[in-house]
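Here's the structure, in structure tokens; my notes come after.
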Amino acid sequence: MSELLSIDHISVSYGNIQALRDVSIHVREGEIVCLIGANGAGKSTLLKAIVGLEPLVSGSIAYKGEVIARNDHAFGSHNPLLRFFKNPKHAAQDTRSLRTDEIASRGIALVPEGRRVFADLTVEENLDMGAFLIDDDAFIAKKKKEMYEFFPILGMRRKQKTRSLSGGEQQMMAIARALMSAPKLLLLDEPGLGLAPLIIQDIFEKIEIINKEDNVTVFLVEQNARMALRTSDEGHVMENGRIVLSDTSEQLLENEKVKAAYLGE
Amino acid sequence: MLNFILLIFIYSGIYALMAMGQNVITGYVGLLSLCQAGFFAIGSYATAILSVSYGWNFWLTVPIAGLLAALAGIIIGLPTLRLKGDYLAIATLGFGEIIRNIINNWDSLTGGPMGIKRIPMASIFGYTINPFDKWAFLGMVWIFVLLGYLFFKRLARSRIGRALEAIREDEIAASSMGINTTKYKVWAFALGAFAAGVAGSLQAVFTLSVTPGPFTFMVSIMVLCMVVLGGMGNFIAVILGAFLIQFISYFPQLVGLSNVIPPQFKQILFGLILVVMMIWRPQGILGRAPRMSISGIRRKKRTTSNGGESGDTIQGGSR
């Protein structure tokens, strides 16, 4: 299996605070990889860095072998005006960081933390938005139908404002919206956050089906370590912005340290 | 009396154009910009300078006025769009004042505080549209409003309209759907400024002279009031808002009480209207226009092949 996402030695900081320190994670095609860790460990920051919402201080992120994010602080390349006047000598070897929308257009879909649904739009309109990059109406219609079959509750709530949906339904909608663009890589930020255990189980089952049947590679970040490790093939444990442990998920479930710190055994 | 009512309608039309522009920026993208007066001034002066100093035909100056305003919109938009909410409002307010001050002080081009006089009247097919012939001018202004409405309505239903709404709802989610948020925000600014520029052009051939005096930030506030009063994100509502605000501001003169009620009275009234609206009807009189899914637009296109905007029902939205 080839490598789809390669995160190489990246660091991210918010002012003086270093949120990520020398993080490396490699996601192979077809896998479900999870990242577990406590609140504030830097999990969400990592996802934001992958989709270009946080600039890197060092290191680089590549998708399908092409660099999508790197440290390009040199000469303020995050400023579009300065980028315009950039030294052409540098521009020649330039593999600048991509904008979030450019990254999305390459086939990476993010289900953001806290779902971030378009609350005033109906479920159907939200799904339409998810297919923003797709021009083929027949394909969009087909995709929507698939989604309504896959998440029957969304089909029933099709014409309702997303605001009126329950937390679990909104989470399903956020996943469905992300899948509308037929991504190759799905990034999930705490899909189980604030949901009842039964619903979490349902959502993780769906994630497994998406992975197995649609062949979508999944990288998920979760506090619910047990659920995440049971679903995934490979796991990473993050503490204070560092990866402290990486192994297959089966091994991690048996690991004494993980058991003590994250599984409460 | 009739003349006065026609005057109100003419001003309503000119302001309706500006308000529609503001609606793209504020109603659709959700950016609080207070710069319409500046774009309005640029449009006015473009028409005035081109037709007085260079003898251009009015109709040629209209697109130039719009484009110059749009260019100013882009120039203002690029650096300020990194700001949000009240910061953006203050930055744009500042830019509006900068434009007015430049006009006020660039004597060689704009005539400074004296302004530009004797702007030639607009004419079409040899027929001069004299501002004193209120009916003809009214007709011209409202044809512009209609064209603007049809354009913006179409825009709102297009992919661009959906992108703008997504940005308003949630910028991070919008960008992870693949929407280039900066690009669309700058576009919205340019379109909003374009409409104000065209409105300025009409204003110039209506008053036949331009001075920097009237382009204060009170104009921007008034335009914002129109959008809030009518209903954000609804172009018909915004036109209604423009008319209502104009009617209110000329009301003392209309009922012959202008010597009893001071002109400052209208500013008190605007403030009051905004407060009352925010408490009891924050979505505006008509509320947001209902959206249509892609399939909905398709279906509508098929049924109304005559291109009519007939099925455009407006709900007193519960949003």
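Each chain in the structure tokens gets a letter, A, B, ..., in the order shown, and its residues are numbered from 1; ligands are numbered from 1 in order too.
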Who sits within 10 Å of Leu67 of chain B, only C-alpha atoms, same chain under 5 positions skipped, as a list in words: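 In the requested format, the answer is Ile42, Gly43, Ala46, Thr61, Val62, Ala72, Gly73, Ala190, Leu191, Ala193, Phe194, Ala195, Gly197 and Val198 of chain B.
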Hey, could you make a per-residue contact list for chain B against chain A with 6 Å as the cut-off, showing the nearest pair of atoms and its distance in Å to one decimal, counting only C-alpha atoms, sorted by chain and number, as a tab-separated table?
```
residue	atom	partner	partner_atom	distance
B:Glu169	CA	A:Phe118	CA	5.5
B:Ser175	CA	A:Asp101	CA	5.1
B:Ser176	CA	A:Ala104	CA	5.7
B:Met177	CA	A:Gly130	CA	5.5
B:Gly178	CA	A:Asp101	CA	3.8
B:Ile179	CA	A:Asp101	CA	5.3
B:Asn180	CA	A:Asp101	CA	5.4
B:Ser293	CA	A:Glu125	CA	5.9
```
Within 10 Å of segment 190-193 of chain A, counting only C-alpha atoms, which residues qualify if same-chain residues fewer than 6 places away don't, as number ranges by chain? A: 35-36, 43-44, 111-115, 167-168, 171-172, 174-175, 199-204, 207, 220-224, 227-228
Looking only at strand (DSSP E or B) from DSSP on the backbone, list the matching residues of segment 169-224 of chain A as a list in words. Leu185, Leu186, Leu187, Leu188, Asp189, Thr217, Val218, Phe219, Leu220, Val221 and Glu222 of chain A
Take the residues that were just selected and, keeping N, CA and C atoms, output them as a PDB file, in the first residue's frame.
```pdb
ATOM      1  N   LEU A 185      -9.117  11.043   1.095  1.00  0.00           N
ATOM      2  CA  LEU A 185      -8.677  11.035   2.481  1.00  0.00           C
ATOM      3  C   LEU A 185      -9.674  11.826   3.321  1.00  0.00           C
ATOM      4  N   LEU A 186     -10.184  11.183   4.359  1.00  0.00           N
ATOM      5  CA  LEU A 186     -11.155  11.839   5.226  1.00  0.00           C
ATOM      6  C   LEU A 186     -10.494  12.115   6.572  1.00  0.00           C
ATOM      7  N   LEU A 187     -10.506  13.384   6.979  1.00  0.00           N
ATOM      8  CA  LEU A 187      -9.950  13.749   8.269  1.00  0.00           C
ATOM      9  C   LEU A 187     -11.106  14.013   9.227  1.00  0.00           C
ATOM     10  N   LEU A 188     -11.093  13.345  10.354  1.00  0.00           N
ATOM     11  CA  LEU A 188     -12.197  13.507  11.308  1.00  0.00           C
ATOM     12  C   LEU A 188     -11.660  14.057  12.616  1.00  0.00           C
ATOM     13  N   ASP A 189     -12.245  15.155  13.059  1.00  0.00           N
ATOM     14  CA  ASP A 189     -11.812  15.754  14.315  1.00  0.00           C
ATOM     15  C   ASP A 189     -12.845  15.467  15.403  1.00  0.00           C
ATOM     16  N   THR A 217      -9.470   6.519   2.752  1.00  0.00           N
ATOM     17  CA  THR A 217      -8.499   6.471   3.840  1.00  0.00           C
ATOM     18  C   THR A 217      -8.950   7.436   4.930  1.00  0.00           C
ATOM     19  N   VAL A 218      -8.843   7.001   6.183  1.00  0.00           N
ATOM     20  CA  VAL A 218      -9.362   7.823   7.271  1.00  0.00           C
ATOM     21  C   VAL A 218      -8.255   8.133   8.269  1.00  0.00           C
ATOM     22  N   PHE A 219      -8.163   9.415   8.610  1.00  0.00           N
ATOM     23  CA  PHE A 219      -7.266   9.810   9.689  1.00  0.00           C
ATOM     24  C   PHE A 219      -8.131  10.478  10.731  1.00  0.00           C
ATOM     25  N   LEU A 220      -8.245   9.864  11.914  1.00  0.00           N
ATOM     26  CA  LEU A 220      -9.157  10.444  12.886  1.00  0.00           C
ATOM     27  C   LEU A 220      -8.471  10.754  14.188  1.00  0.00           C
ATOM     28  N   VAL A 221      -8.966  11.813  14.783  1.00  0.00           N
ATOM     29  CA  VAL A 221      -8.418  12.319  16.018  1.00  0.00           C
ATOM     30  C   VAL A 221      -9.507  12.138  17.048  1.00  0.00           C
ATOM     31  N   GLU A 222      -9.184  11.566  18.189  1.00  0.00           N
ATOM     32  CA  GLU A 222     -10.274  11.245  19.114  1.00  0.00           C
ATOM     33  C   GLU A 222      -9.777  11.200  20.552  1.00  0.00           C
TER      34      GLU A 222
END
```
By how many Å are atom CA of Tyr14 of chain A and atom CA of Glu171 of chain B apart?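 Rounded to one decimal, the two atoms are 20.3 Å apart.
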Which polymer residues have any atom within 9 Å of an atom of segment 231-240 of chain B, counting only C-alpha atoms, with same-chain residues fewer than 2 positions away left out, as a ChimeraX atom specification? /B:12-13,15-17,19-20,23-24,26-28,145,149,152-153,156,226-229,242-245,282-290,314
For the selection just defined, write its residues with C-alpha atoms to a file, as a short mmCIF file (atom, residue, chain, number, x, y, z; two decimals), in the first residue's frame.
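What ended up in result.cif:
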```cif
data_model
loop_
_atom_site.label_atom_id
_atom_site.label_comp_id
_atom_site.auth_asym_id
_atom_site.auth_seq_id
_atom_site.Cartn_x
_atom_site.Cartn_y
_atom_site.Cartn_z
CA SER B 12 -34.90 55.79 -3.46
CA GLY B 13 -33.76 54.31 -6.77
CA TYR B 15 -29.93 54.47 -2.92
CA ALA B 16 -31.53 51.14 -3.80
CA LEU B 17 -28.61 50.47 -6.14
CA ALA B 19 -28.13 49.16 -0.89
CA MET B 20 -28.11 46.18 -3.23
CA ASN B 23 -26.46 43.61 0.54
CA VAL B 24 -23.90 41.52 -1.36
CA THR B 26 -23.24 42.51 4.37
CA GLY B 27 -26.28 40.37 3.61
CA TYR B 28 -24.53 37.61 1.71
CA VAL B 145 -32.49 49.39 -10.39
CA TYR B 149 -31.92 43.55 -9.32
CA PHE B 152 -27.88 40.34 -8.36
CA LYS B 153 -30.78 37.91 -8.20
CA ALA B 156 -27.39 35.02 -5.67
CA MET B 226 -31.75 50.20 4.34
CA VAL B 227 -30.31 46.71 4.22
CA VAL B 228 -31.08 45.99 7.88
CA LEU B 229 -34.56 47.47 7.69
CA ALA B 242 -34.20 52.11 0.48
CA PHE B 243 -37.61 53.54 -0.26
CA LEU B 244 -38.72 53.52 3.38
CA ILE B 245 -35.56 55.22 4.62
CA PRO B 282 -33.68 41.31 13.48
CA GLN B 283 -34.21 39.61 10.13
CA GLY B 284 -35.68 42.81 8.66
CA ILE B 285 -39.19 43.52 7.38
CA LEU B 286 -39.17 40.83 4.73
CA GLY B 287 -36.44 38.59 6.06
CA ARG B 288 -33.98 36.55 4.04
CA ALA B 289 -35.03 35.30 0.64
CA PRO B 290 -35.63 31.55 0.52
CA ILE B 314 -40.79 36.03 -0.22
#
```
Using only C-alpha atoms for the distances, tell me which of B:Ala196, B:Val260, B:Leu68, B:Met278 is nearest to Gln22 of chain B.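 Among the listed residues, the smallest separation from Gln22 of chain B belongs to B:Ala196.
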